[in-house]
file query.pdb (PDB, C-alpha atoms)
ATOM      1  CA  MET A   1       0.000   0.000   0.000
ATOM      2  CA  SER A   2       2.796   2.365   0.943
ATOM      3  CA  GLN A   3       4.528   1.576  -2.326
ATOM      4  CA  ASP A   4       1.396   2.494  -4.255
ATOM      5  CA  LEU A   5       1.175   5.792  -2.401
ATOM      6  CA  ALA A   6       4.840   6.508  -3.060
ATOM      7  CA  ALA A   7       4.423   5.728  -6.737
ATOM      8  CA  THR A   8       1.369   7.958  -6.923
ATOM      9  CA  SER A   9       3.174  10.840  -5.220
ATOM     10  CA  GLY A  10       6.102  10.410  -7.582
ATOM     11  CA  VAL A  11       3.812  10.675 -10.616
ATOM     12  CA  THR A  12       2.226  13.792  -9.154
ATOM     13  CA  GLU A  13       5.584  15.459  -8.683
ATOM     14  CA  VAL A  14       6.622  14.670 -12.258
ATOM     15  CA  GLU A  15       3.377  16.077 -13.615
ATOM     16  CA  GLU A  16       3.838  19.284 -11.590
ATOM     17  CA  ARG A  17       7.378  19.712 -12.794
ATOM     18  CA  SER A  18       6.510  19.071 -16.431
ATOM     19  CA  PRO A  19       3.276  20.874 -17.398
ATOM     20  CA  SER A  20       1.684  19.890 -20.673
ATOM     21  CA  LEU A  21       2.207  22.005 -23.776
ATOM     22  CA  LEU A  22      -1.428  23.122 -23.647
ATOM     23  CA  SER A  23      -0.984  24.356 -20.077
ATOM     24  CA  ARG A  24       2.123  26.273 -21.057
ATOM     25  CA  LEU A  25       0.411  27.868 -24.046
ATOM     26  CA  LEU A  26      -2.555  28.933 -21.924
ATOM     27  CA  ALA A  27      -0.144  30.419 -19.393
ATOM     28  CA  GLU A  28       1.636  32.376 -22.137
ATOM     29  CA  THR A  29      -1.696  33.580 -23.508
ATOM     30  CA  PHE A  30      -2.771  34.812 -20.080
ATOM     31  CA  GLY A  31       0.530  36.506 -19.288
ATOM     32  CA  THR A  32       0.766  38.279 -22.650
ATOM     33  CA  PHE A  33      -2.894  39.292 -22.373
ATOM     34  CA  LEU A  34      -2.236  40.919 -18.997
ATOM     35  CA  LEU A  35       0.953  42.635 -20.146
ATOM     36  CA  THR A  36      -0.619  44.022 -23.333
ATOM     37  CA  LEU A  37      -3.830  45.048 -21.596
ATOM     38  CA  VAL A  38      -1.924  47.247 -19.159
ATOM     39  CA  ILE A  39       0.611  48.773 -21.565
ATOM     40  CA  VAL A  40      -1.769  49.452 -24.447
ATOM     41  CA  GLY A  41      -4.532  50.478 -22.054
ATOM     42  CA  VAL A  42      -2.360  53.135 -20.431
ATOM     43  CA  LEU A  43      -1.352  54.459 -23.852
ATOM     44  CA  VAL A  44      -4.876  54.481 -25.277
ATOM     45  CA  TYR A  45      -6.165  56.512 -22.342
ATOM     46  CA  SER A  46      -3.032  58.657 -22.102
ATOM     47  CA  PRO A  47      -4.909  61.847 -23.149
ATOM     48  CA  LEU A  48      -6.921  61.530 -19.931
ATOM     49  CA  ASN A  49      -3.936  61.288 -17.598
ATOM     50  CA  THR A  50      -0.511  62.775 -17.121
ATOM     51  CA  VAL A  51       1.439  59.615 -16.304
ATOM     52  CA  GLY A  52       3.258  59.575 -19.670
ATOM     53  CA  GLY A  53       6.214  57.252 -20.023
ATOM     54  CA  LEU A  54       6.466  56.676 -16.268
ATOM     55  CA  GLY A  55       2.967  55.222 -16.187
ATOM     56  CA  VAL A  56       3.727  52.925 -19.106
ATOM     57  CA  ALA A  57       6.975  51.802 -17.483
ATOM     58  CA  LEU A  58       5.478  51.062 -14.081
ATOM     59  CA  GLY A  59       2.388  49.478 -15.584
ATOM     60  CA  GLY A  60       4.409  47.166 -17.819
ATOM     61  CA  GLY A  61       6.800  46.216 -15.023
ATOM     62  CA  PHE A  62       4.066  45.483 -12.487
ATOM     63  CA  ALA A  63       1.990  43.592 -15.056
ATOM     64  CA  TYR A  64       4.923  41.309 -15.881
ATOM     65  CA  ILE A  65       5.669  40.668 -12.208
ATOM     66  CA  ALA A  66       2.043  39.769 -11.531
ATOM     67  CA  GLY A  67       1.762  37.507 -14.577
ATOM     68  CA  ALA A  68       5.078  35.783 -13.898
ATOM     69  CA  ALA A  69       4.188  35.211 -10.254
ATOM     70  CA  ALA A  70       0.880  33.646 -11.304
ATOM     71  CA  VAL A  71       1.915  31.355 -14.180
ATOM     72  CA  GLY A  72       5.694  31.568 -14.385
ATOM     73  CA  ARG A  73       6.122  28.080 -12.913
ATOM     74  CA  VAL A  74       4.039  26.695 -15.794
ATOM     75  CA  SER A  75       5.553  28.279 -18.904
ATOM     76  CA  GLY A  76       8.606  30.188 -17.740
ATOM     77  CA  ALA A  77       6.846  33.569 -18.125
ATOM     78  CA  HIS A  78       8.105  34.617 -21.557
ATOM     79  CA  PHE A  79       5.125  36.776 -22.610
ATOM     80  CA  ASN A  80       7.295  38.021 -25.465
ATOM     81  CA  PRO A  81       8.389  36.371 -28.756
ATOM     82  CA  ALA A  82      11.873  37.835 -28.298
ATOM     83  CA  ILE A  83      12.311  36.046 -24.968
ATOM     84  CA  SER A  84      11.058  32.810 -26.506
ATOM     85  CA  LEU A  85      13.625  33.137 -29.290
ATOM     86  CA  GLY A  86      16.353  33.718 -26.736
ATOM     87  CA  ALA A  87      15.216  30.682 -24.752
ATOM     88  CA  TRP A  88      15.397  28.515 -27.882
ATOM     89  CA  LEU A  89      18.825  29.754 -28.938
ATOM     90  CA  SER A  90      20.120  29.121 -25.422
ATOM     91  CA  GLY A  91      18.857  25.535 -25.567
ATOM     92  CA  ARG A  92      16.030  25.822 -23.056
ATOM     93  CA  ILE A  93      13.069  25.057 -25.325
ATOM     94  CA  SER A  94      12.653  23.352 -28.680
ATOM     95  CA  VAL A  95      12.007  25.230 -31.909
ATOM     96  CA  SER A  96       8.503  23.766 -32.160
ATOM     97  CA  ASN A  97       7.688  25.018 -28.667
ATOM     98  CA  MET A  98       9.086  28.422 -29.574
ATOM     99  CA  PHE A  99       6.698  28.817 -32.498
ATOM    100  CA  SER A 100       3.847  27.525 -30.331
ATOM    101  CA  TYR A 101       4.717  30.161 -27.736
ATOM    102  CA  TRP A 102       4.701  32.814 -30.445
ATOM    103  CA  GLY A 103       1.198  31.835 -31.471
ATOM    104  CA  ALA A 104      -0.068  31.892 -27.889
ATOM    105  CA  GLN A 105       1.555  35.273 -27.246
ATOM    106  CA  LEU A 106       0.013  36.797 -30.355
ATOM    107  CA  VAL A 107      -3.406  35.458 -29.399
ATOM    108  CA  GLY A 108      -3.119  36.894 -25.889
ATOM    109  CA  ALA A 109      -1.958  40.296 -27.119
ATOM    110  CA  ILE A 110      -4.623  40.563 -29.805
ATOM    111  CA  LEU A 111      -7.345  39.555 -27.345
ATOM    112  CA  ALA A 112      -6.210  42.277 -24.947
ATOM    113  CA  ALA A 113      -6.262  44.920 -27.691
ATOM    114  CA  ALA A 114      -9.680  43.681 -28.830
ATOM    115  CA  VAL A 115     -11.065  44.062 -25.310
ATOM    116  CA  LEU A 116      -9.778  47.627 -25.127
ATOM    117  CA  PHE A 117     -11.097  48.377 -28.621
ATOM    118  CA  ALA A 118     -14.561  47.116 -27.727
ATOM    119  CA  THR A 119     -14.826  48.988 -24.434
ATOM    120  CA  VAL A 120     -13.758  52.517 -25.413
ATOM    121  CA  PRO A 121     -16.820  54.747 -24.833
ATOM    122  CA  GLN A 122     -18.029  56.427 -28.001
ATOM    123  CA  PRO A 123     -18.787  59.769 -26.311
ATOM    124  CA  LEU A 124     -15.195  59.865 -25.100
ATOM    125  CA  LEU A 125     -13.952  59.760 -28.690
ATOM    126  CA  ALA A 126     -15.831  62.947 -29.490
ATOM    127  CA  LEU A 127     -14.425  64.666 -26.396
ATOM    128  CA  LEU A 128     -10.903  63.670 -27.444
ATOM    129  CA  GLY A 129     -11.449  64.812 -31.029
ATOM    130  CA  LYS A 130     -11.183  61.272 -32.435
ATOM    131  CA  GLU A 131     -13.287  60.211 -35.385
ATOM    132  CA  ASN A 132     -13.385  56.535 -34.476
ATOM    133  CA  THR A 133     -11.965  54.019 -32.021
ATOM    134  CA  SER A 134      -9.025  53.183 -34.281
ATOM    135  CA  ASP A 135      -7.777  56.752 -33.936
ATOM    136  CA  ALA A 136      -7.565  56.242 -30.182
ATOM    137  CA  PHE A 137      -5.103  53.397 -30.755
ATOM    138  CA  ASP A 138      -2.686  55.589 -32.691
ATOM    139  CA  SER A 139      -1.101  56.705 -29.427
ATOM    140  CA  ALA A 140      -0.386  53.076 -28.520
ATOM    141  CA  VAL A 141       1.330  52.117 -31.795
ATOM    142  CA  ASN A 142       5.107  51.916 -31.996
ATOM    143  CA  GLY A 143       6.736  54.097 -34.629
ATOM    144  CA  PHE A 144       9.665  56.233 -35.669
ATOM    145  CA  SER A 145      10.222  59.462 -37.617
ATOM    146  CA  GLN A 146       6.898  61.304 -37.647
ATOM    147  CA  HIS A 147       5.334  58.594 -35.485
ATOM    148  CA  SER A 148       7.957  58.885 -32.789
ATOM    149  CA  PRO A 149       6.676  60.332 -29.506
ATOM    150  CA  LEU A 150       9.540  62.819 -29.656
ATOM    151  CA  TYR A 151       8.099  64.240 -32.882
ATOM    152  CA  LEU A 152       4.748  64.826 -31.171
ATOM    153  CA  GLN A 153       6.289  66.209 -27.984
ATOM    154  CA  THR A 154       8.436  68.723 -29.900
ATOM    155  CA  GLN A 155       5.706  69.531 -32.427
ATOM    156  CA  GLY A 156       7.772  68.247 -35.328
ATOM    157  CA  GLN A 157      11.051  69.957 -34.439
ATOM    158  CA  ALA A 158      12.886  66.690 -33.637
ATOM    159  CA  GLN A 159      12.412  63.031 -34.399
ATOM    160  CA  PHE A 160      14.144  59.655 -34.351
ATOM    161  CA  ASP A 161      14.722  58.190 -37.796
ATOM    162  CA  TRP A 162      14.609  54.477 -38.534
ATOM    163  CA  LEU A 163      18.301  53.757 -37.874
ATOM    164  CA  PRO A 164      18.458  55.220 -34.336
ATOM    165  CA  ALA A 165      15.125  53.571 -33.610
ATOM    166  CA  LEU A 166      16.437  50.228 -34.859
ATOM    167  CA  LEU A 167      19.586  50.485 -32.731
ATOM    168  CA  VAL A 168      17.661  51.432 -29.595
ATOM    169  CA  GLU A 169      15.171  48.599 -30.050
ATOM    170  CA  VAL A 170      17.945  46.051 -30.645
ATOM    171  CA  ILE A 171      19.827  47.181 -27.541
ATOM    172  CA  ILE A 172      16.888  47.253 -25.137
ATOM    173  CA  SER A 173      15.626  43.885 -26.411
ATOM    174  CA  ALA A 174      19.070  42.348 -25.983
ATOM    175  CA  ILE A 175      19.297  43.663 -22.423
ATOM    176  CA  LEU A 176      15.827  42.366 -21.557
ATOM    177  CA  VAL A 177      16.522  38.890 -22.931
ATOM    178  CA  GLY A 178      19.953  38.846 -21.276
ATOM    179  CA  VAL A 179      18.406  39.667 -17.890
ATOM    180  CA  TYR A 180      15.785  36.961 -18.367
ATOM    181  CA  LEU A 181      18.349  34.308 -19.289
ATOM    182  CA  GLY A 182      20.569  35.278 -16.377
ATOM    183  CA  VAL A 183      17.973  35.208 -13.617
ATOM    184  CA  HIS A 184      16.356  32.015 -14.940
ATOM    185  CA  ASP A 185      19.609  30.090 -15.193
ATOM    186  CA  ARG A 186      19.533  26.775 -13.306
ATOM    187  CA  ARG A 187      22.709  27.772 -11.512
ATOM    188  CA  SER A 188      21.176  31.025 -10.325
ATOM    189  CA  LYS A 189      19.776  31.059  -6.793
ATOM    190  CA  ILE A 190      17.803  34.252  -7.307
ATOM    191  CA  GLY A 191      14.320  33.907  -5.868
ATOM    192  CA  TYR A 192      12.950  37.162  -7.280
ATOM    193  CA  ALA A 193      13.364  36.530 -11.018
ATOM    194  CA  PRO A 194       9.982  38.112 -11.962
ATOM    195  CA  VAL A 195      10.930  41.266 -10.073
ATOM    196  CA  ALA A 196      14.260  41.471 -11.894
ATOM    197  CA  VAL A 197      12.667  41.088 -15.337
ATOM    198  CA  GLY A 198       9.803  43.440 -14.477
ATOM    199  CA  SER A 199      12.273  46.047 -13.243
ATOM    200  CA  ALA A 200      14.220  45.709 -16.496
ATOM    201  CA  ILE A 201      11.027  46.280 -18.483
ATOM    202  CA  ALA A 202      10.245  49.410 -16.472
ATOM    203  CA  ALA A 203      13.755  50.853 -16.727
ATOM    204  CA  LEU A 204      14.124  50.145 -20.450
ATOM    205  CA  THR A 205      10.706  51.667 -21.113
ATOM    206  CA  LEU A 206      11.775  54.917 -19.484
ATOM    207  CA  VAL A 207      14.827  55.031 -21.749
ATOM    208  CA  SER A 208      13.065  54.236 -25.032
ATOM    209  CA  TRP A 209       9.580  55.677 -24.670
ATOM    210  CA  PHE A 210      10.432  58.943 -26.440
ATOM    211  CA  VAL A 211      12.180  57.059 -29.218
ATOM    212  CA  THR A 212       9.664  54.484 -30.436
ATOM    213  CA  ASN A 213       6.948  54.270 -27.771
ATOM    214  CA  THR A 214       8.947  51.243 -26.526
ATOM    215  CA  GLY A 215       8.416  48.172 -28.679
ATOM    216  CA  MET A 216      10.660  45.428 -27.258
ATOM    217  CA  ASN A 217       7.746  42.979 -27.631
ATOM    218  CA  PRO A 218       6.563  42.044 -31.157
ATOM    219  CA  ALA A 219       3.274  40.637 -29.854
ATOM    220  CA  ARG A 220       2.329  43.880 -28.113
ATOM    221  CA  SER A 221       3.436  45.930 -31.136
ATOM    222  CA  THR A 222       1.376  43.787 -33.518
ATOM    223  CA  ALA A 223      -1.769  43.964 -31.374
ATOM    224  CA  ALA A 224      -1.683  47.754 -31.138
ATOM    225  CA  ALA A 225      -0.977  48.183 -34.862
ATOM    226  CA  LEU A 226      -3.819  45.885 -35.930
ATOM    227  CA  PHE A 227      -6.467  48.064 -34.265
ATOM    228  CA  ALA A 228      -4.969  51.409 -35.256
ATOM    229  CA  ASN A 229      -5.899  53.476 -38.279
ATOM    230  CA  ASN A 230      -2.387  54.213 -39.509
ATOM    231  CA  TRP A 231      -1.923  51.698 -42.334
ATOM    232  CA  GLY A 232      -1.573  54.222 -45.125
ATOM    233  CA  GLY A 233       1.544  55.069 -47.107
ATOM    234  CA  ASP A 234       3.259  56.823 -44.194
ATOM    235  CA  GLY A 235       1.260  55.184 -41.433
ATOM    236  CA  SER A 236       2.799  53.657 -38.343
ATOM    237  CA  GLY A 237       1.326  50.294 -39.322
ATOM    238  CA  ARG A 238       3.786  50.190 -42.208
ATOM    239  CA  GLN A 239       6.620  50.461 -39.668
ATOM    240  CA  LEU A 240       5.709  47.256 -37.840
ATOM    241  CA  TRP A 241       8.555  45.392 -39.548
ATOM    242  CA  LEU A 242      11.109  47.218 -37.397
ATOM    243  CA  PHE A 243       9.398  46.135 -34.195
ATOM    244  CA  TRP A 244       9.678  42.495 -35.207
ATOM    245  CA  LEU A 245      13.167  42.655 -36.661
ATOM    246  CA  ALA A 246      14.860  44.625 -33.880
ATOM    247  CA  PRO A 247      13.611  42.590 -30.880
ATOM    248  CA  LEU A 248      14.424  39.287 -32.574
ATOM    249  CA  VAL A 249      17.917  40.462 -33.549
ATOM    250  CA  GLY A 250      18.489  41.715 -30.027
ATOM    251  CA  ALA A 251      17.280  38.419 -28.566
ATOM    252  CA  ALA A 252      19.595  36.444 -30.837
ATOM    253  CA  LEU A 253      22.579  38.581 -29.866
ATOM    254  CA  ALA A 254      21.796  38.211 -26.170
ATOM    255  CA  ALA A 255      21.404  34.429 -26.409
ATOM    256  CA  LEU A 256      24.591  33.941 -28.404
ATOM    257  CA  PHE A 257      26.529  36.247 -26.086
ATOM    258  CA  TYR A 258      25.172  34.398 -23.057
ATOM    259  CA  ARG A 259      26.128  30.986 -24.436
ATOM    260  CA  ALA A 260      29.581  32.164 -25.435
ATOM    261  CA  PHE A 261      30.514  33.785 -22.136
ATOM    262  CA  ALA A 262      28.544  31.716 -19.644
ATOM    263  CA  SER A 263      30.532  29.346 -17.443
ATOM    264  CA  VAL A 264      30.593  25.553 -17.705
ATOM    265  CA  GLU A 265      27.248  23.839 -17.998
ATOM    266  CA  PRO A 266      25.834  22.268 -14.806
ATOM    267  CA  GLU A 267      25.995  18.745 -16.254
ATOM    268  CA  GLU A 268      29.720  19.116 -16.919
ATOM    269  CA  LEU A 269      30.314  20.371 -13.407
ATOM    270  CA  GLU A 270      28.477  17.403 -11.928
ATOM    271  CA  LEU A 271      30.424  14.963 -14.078
ATOM    272  CA  ASP A 272      33.727  16.512 -13.037
ATOM    273  CA  GLU A 273      32.797  16.281  -9.370
ATOM    274  CA  GLU A 274      31.763  12.649  -9.720
ATOM    275  CA  ASP A 275      35.024  11.795 -11.486
ATOM    276  CA  ASP A 276      37.029  13.426  -8.713
ATOM    277  CA  GLU A 277      35.099  11.534  -6.073
ATOM    278  CA  ASP A 278      35.629   8.239  -7.883
ATOM    279  CA  ASP A 279      39.374   8.836  -8.196
ATOM    280  CA  GLU A 280      39.966   9.844  -4.578
ATOM    281  CA  PRO A 281      38.457   6.874  -2.703
ATOM    282  CA  ALA A 282      39.939   4.286  -5.084
ATOM    283  CA  GLU A 283      43.042   3.647  -2.914
ATOM    284  CA  PRO A 284      41.302   3.578   0.511
ATOM    285  CA  VAL A 285      38.748   1.085  -0.751
ATOM    286  CA  THR A 286      41.513  -1.247  -1.962
ATOM    287  CA  ALA A 287      43.357  -0.961   1.342
ATOM    288  CA  GLN A 288      40.237  -1.736   3.352
ATOM    289  CA  SER A 289      39.295  -4.708   1.236
ATOM    290  CA  ALA A 290      42.430  -6.686   2.245
ATOM    291  CA  PRO A 291      41.639  -6.928   5.990
ATOM    292  CA  VAL A 292      38.124  -8.047   5.199
ATOM    293  CA  ALA A 293      39.477 -10.880   3.060
ATOM    294  CA  GLU A 294      41.898 -11.927   5.832
ATOM    295  CA  SER A 295      39.187 -12.037   8.402
ATOM    296  CA  THR A 296      37.069 -14.233   6.217
ATOM    297  CA  ASP A 297      40.008 -16.570   5.590
ATOM    298  CA  GLU A 298      40.807 -16.905   9.273
ATOM    299  CA  SER A 299      37.304 -17.783  10.328
ATOM    300  CA  PRO A 300      37.312 -21.272   8.721
ATOM    301  CA  GLU A 301      40.666 -22.064  10.348
ATOM    302  CA  LYS A 302      39.390 -21.077  13.735
ATOM    303  CA  THR A 303      36.317 -23.212  13.198
ATOM    304  CA  ALA A 304      38.460 -26.119  12.094
ATOM    305  CA  GLU A 305      40.644 -25.805  15.200
ATOM    306  CA  ALA A 306      37.615 -25.679  17.427
ATOM    307  CA  GLU A 307      36.095 -28.847  16.013
ATOM    308  CA  PRO A 308      39.074 -31.235  16.748
ATOM    309  CA  ALA A 309      39.141 -29.971  20.319
ATOM    310  CA  ALA A 310      35.539 -30.945  20.796
ATOM    311  CA  THR A 311      36.006 -34.475  19.372
ATOM    312  CA  PRO A 312      38.313 -35.917  22.123
ATOM    313  CA  GLU A 313      35.925 -34.645  24.791
ATOM    314  CA  LYS A 314      33.094 -36.580  23.232
ATOM    315  CA  LYS A 315      35.202 -39.728  23.023
ATOM    316  CA  ALA A 316      36.247 -39.434  26.665
ATOM    317  CA  ASP A 317      32.640 -39.191  27.667
ATOM    318  CA  ASP A 318      31.834 -42.328  25.685
ATOM    319  CA  LYS A 319      34.587 -44.334  27.388
ATOM    320  CA  ALA A 320      33.413 -43.189  30.756
TER
END
call {"tool": "encode", "arguments": {"input": "query.pdb", "output": "structure tokens"}}
result
Amino acid sequence: MSQDLAATSGVTEVEERSPSLLSRLLAETFGTFLLTLVIVGVLVYSPLNTVGGLGVALGGGFAYIAGAAAVGRVSGAHFNPAISLGAWLSGRISVSNMFSYWGAQLVGAILAAAVLFATVPQPLLALLGKENTSDAFDSAVNGFSQHSPLYLQTQGQAQFDWLPALLVEVIISAILVGVYLGVHDRRSKIGYAPVAVGSAIAALTLVSWFVTNTGMNPARSTAAALFANNWGGDGSGRQLWLFWLAPLVGAALAALFYRAFASVEPEELELDEEDDEDDEPAEPVTAQSAPVAESTDESPEKTAEAEPAATPEKKADDKA
């Protein structure tokens, strides 16, 4: 009975440690939904508040921490195609799982944007001078040049062209993925990994908000662009390519850099320790084995000596 219970508990532990692919995809959908809902929601309603880039940064950071704390043990809390690419290149997930994660992340982000799109009050659009709901999403779309927040803040006197925007997006994406890979390393004993990644999101948002409205996440960028109105010749929707290319390039650079400069893999360390342990006790074991053999050899002799001594006593008793 106890063996059955032990076997059952062992199966339960294995199942908890290895969630099914469906569970992981649902976790990624939920986490990306939460992250996109907060970031895009703050940007859509930005005309009604004065939080600006600080609100987006804190909202994105807190949303990631909450989502990672809730479902991070299931999927690893990527919530971003760039992080999934970095995880694959660093050997932590398979390529098929990476593409599955991408699909789940896109679904979660698009659902979040759809919820926001469907719940914007129509009278509010008139008060904000917007013709339709899609116009309200223009402030949430990532862009450069005339669609850079700097262009709007300076009334067209300054802007970030595509090359500076590309460089900034590559750098911040590489830093984000590098932080994620570092704090989620099996050798790391950090117990606050979601806080570290969420803090990185907040800090990097503050740096890049004026440049591109902070992309760093192709799923979030795609969701905002799909519901916006700017898909014309010079629209921000036509600039979506940069917010896929830059985060993925940054993720690849971070993963390759991490693999090149990380220390020895844990398996190699364990093998080296086992080899050292096997080599050290080899001589003591051989030395201890000799006395054991001698003791076993002496025991038959002692028994043989004891038996002849008992035989004359029996014969003397018989004569008597």
call {"tool": "residues_around", "arguments": {"input": "query.pdb", "residues": "A:Ala196", "least_positions_apart": "3", "cutoff": "12 Å", "atoms": "only C-alpha atoms", "output": "JSON list (two decimals) with C-alpha atoms, in the frame of the given file"}}
result
[["chain", "number", "residue", "atom", "x", "y", "z"],
["A", 61, "GLY", "CA", 6.80, 46.22, -15.02],
["A", 62, "PHE", "CA", 4.07, 45.48, -12.49],
["A", 64, "TYR", "CA", 4.92, 41.31, -15.88],
["A", 65, "ILE", "CA", 5.67, 40.67, -12.21],
["A", 68, "ALA", "CA", 5.08, 35.78, -13.90],
["A", 69, "ALA", "CA", 4.19, 35.21, -10.25],
["A", 175, "ILE", "CA", 19.30, 43.66, -22.42],
["A", 176, "LEU", "CA", 15.83, 42.37, -21.56],
["A", 177, "VAL", "CA", 16.52, 38.89, -22.93],
["A", 178, "GLY", "CA", 19.95, 38.85, -21.28],
["A", 179, "VAL", "CA", 18.41, 39.67, -17.89],
["A", 180, "TYR", "CA", 15.78, 36.96, -18.37],
["A", 181, "LEU", "CA", 18.35, 34.31, -19.29],
["A", 182, "GLY", "CA", 20.57, 35.28, -16.38],
["A", 183, "VAL", "CA", 17.97, 35.21, -13.62],
["A", 184, "HIS", "CA", 16.36, 32.02, -14.94],
["A", 190, "ILE", "CA", 17.80, 34.25, -7.31],
["A", 191, "GLY", "CA", 14.32, 33.91, -5.87],
["A", 192, "TYR", "CA", 12.95, 37.16, -7.28],
["A", 193, "ALA", "CA", 13.36, 36.53, -11.02],
["A", 199, "SER", "CA", 12.27, 46.05, -13.24],
["A", 200, "ALA", "CA", 14.22, 45.71, -16.50],
["A", 201, "ILE", "CA", 11.03, 46.28, -18.48],
["A", 202, "ALA", "CA", 10.24, 49.41, -16.47],
["A", 203, "ALA", "CA", 13.76, 50.85, -16.73]]
call {"tool": "resolve_selection", "arguments": {"input": "query.pdb", "expression": "the PyMOL selection byres ((chain A and resi 138-143) around 8)", "output": "list in words"}}
result
Val40, Leu43, Val44, Ser46, Ser134, Asp135, Ala136, Phe137, Phe144, Ser145, Gln146, His147, Ser148, Thr212, Asn213, Thr214, Gly215, Ser221, Ala224, Ala225, Ala228, Asn229, Asn230, Ser236, Gly237, Gln239, Leu240 and Phe243 of chain A
call {"tool": "residues_around", "arguments": {"input": "query.pdb", "residues": "stretch 52-56 of chain A", "least_positions_apart": "5", "cutoff": "7 Å", "atoms": "only C-alpha atoms", "output": "list in words"}}
result
Ile39, Val42, Ser46, Leu206 and Trp209 of chain A
call {"tool": "residues_around", "arguments": {"input": "query.pdb", "residues": "A:Leu245", "least_positions_apart": "4", "cutoff": "12 Å", "atoms": "all atoms listed in the file", "output": "PDB file with C-alpha atoms, in the frame of the given file"}}
result
ATOM      1  CA  PRO A  81       8.389  36.371 -28.756  1.00  0.00           C
ATOM      2  CA  ALA A  82      11.873  37.835 -28.298  1.00  0.00           C
ATOM      3  CA  ALA A 165      15.125  53.571 -33.610  1.00  0.00           C
ATOM      4  CA  LEU A 166      16.437  50.228 -34.859  1.00  0.00           C
ATOM      5  CA  LEU A 167      19.586  50.485 -32.731  1.00  0.00           C
ATOM      6  CA  GLU A 169      15.171  48.599 -30.050  1.00  0.00           C
ATOM      7  CA  VAL A 170      17.945  46.051 -30.645  1.00  0.00           C
ATOM      8  CA  SER A 173      15.626  43.885 -26.411  1.00  0.00           C
ATOM      9  CA  GLY A 215       8.416  48.172 -28.679  1.00  0.00           C
ATOM     10  CA  MET A 216      10.660  45.428 -27.258  1.00  0.00           C
ATOM     11  CA  ASN A 217       7.746  42.979 -27.631  1.00  0.00           C
ATOM     12  CA  PRO A 218       6.563  42.044 -31.157  1.00  0.00           C
ATOM     13  CA  SER A 221       3.436  45.930 -31.136  1.00  0.00           C
ATOM     14  CA  GLN A 239       6.620  50.461 -39.668  1.00  0.00           C
ATOM     15  CA  LEU A 240       5.709  47.256 -37.840  1.00  0.00           C
ATOM     16  CA  TRP A 241       8.555  45.392 -39.548  1.00  0.00           C
ATOM     17  CA  VAL A 249      17.917  40.462 -33.549  1.00  0.00           C
ATOM     18  CA  GLY A 250      18.489  41.715 -30.027  1.00  0.00           C
ATOM     19  CA  ALA A 251      17.280  38.419 -28.566  1.00  0.00           C
ATOM     20  CA  ALA A 252      19.595  36.444 -30.837  1.00  0.00           C
TER      21      ALA A 252
END
call {"tool": "resolve_selection", "arguments": {"input": "query.pdb", "expression": "the PyMOL selection byres ((chain A and resi 73) around 10)", "output": "ChimeraX atom specification"}}
result
/A:16-19,24,27,68-72,74-77
call {"tool": "atom_distance", "arguments": {"input": "query.pdb", "atom1": "atom CA of A:Pro149", "atom2": "atom CA of A:Phe210"}}
result
5.0 Å
call {"tool": "atom_distance", "arguments": {"input": "query.pdb", "atom1": "atom CA of A:Thr205", "atom2": "atom CA of A:Thr36"}}
result
13.8 Å
call {"tool": "atom_distance", "arguments": {"input": "query.pdb", "atom1": "atom CA of A:Leu25", "atom2": "atom CA of A:Ala109"}}
result
13.0 Å
call {"tool": "residues_around", "arguments": {"input": "query.pdb", "residues": "A:Val107", "least_positions_apart": "2", "cutoff": "12 Å", "atoms": "only C-alpha atoms", "output": "ChimeraX atom specification"}}
result
/A:25-34,36,79-81,100-105,109-114,219-220,222-223
call {"tool": "residues_around", "arguments": {"input": "query.pdb", "residues": "A:Ala255", "least_positions_apart": "3", "cutoff": "6 Å", "atoms": "only C-alpha atoms", "output": "list in words"}}
result
Gly86, Leu89, Ser90, Ala252 and Tyr258 of chain A
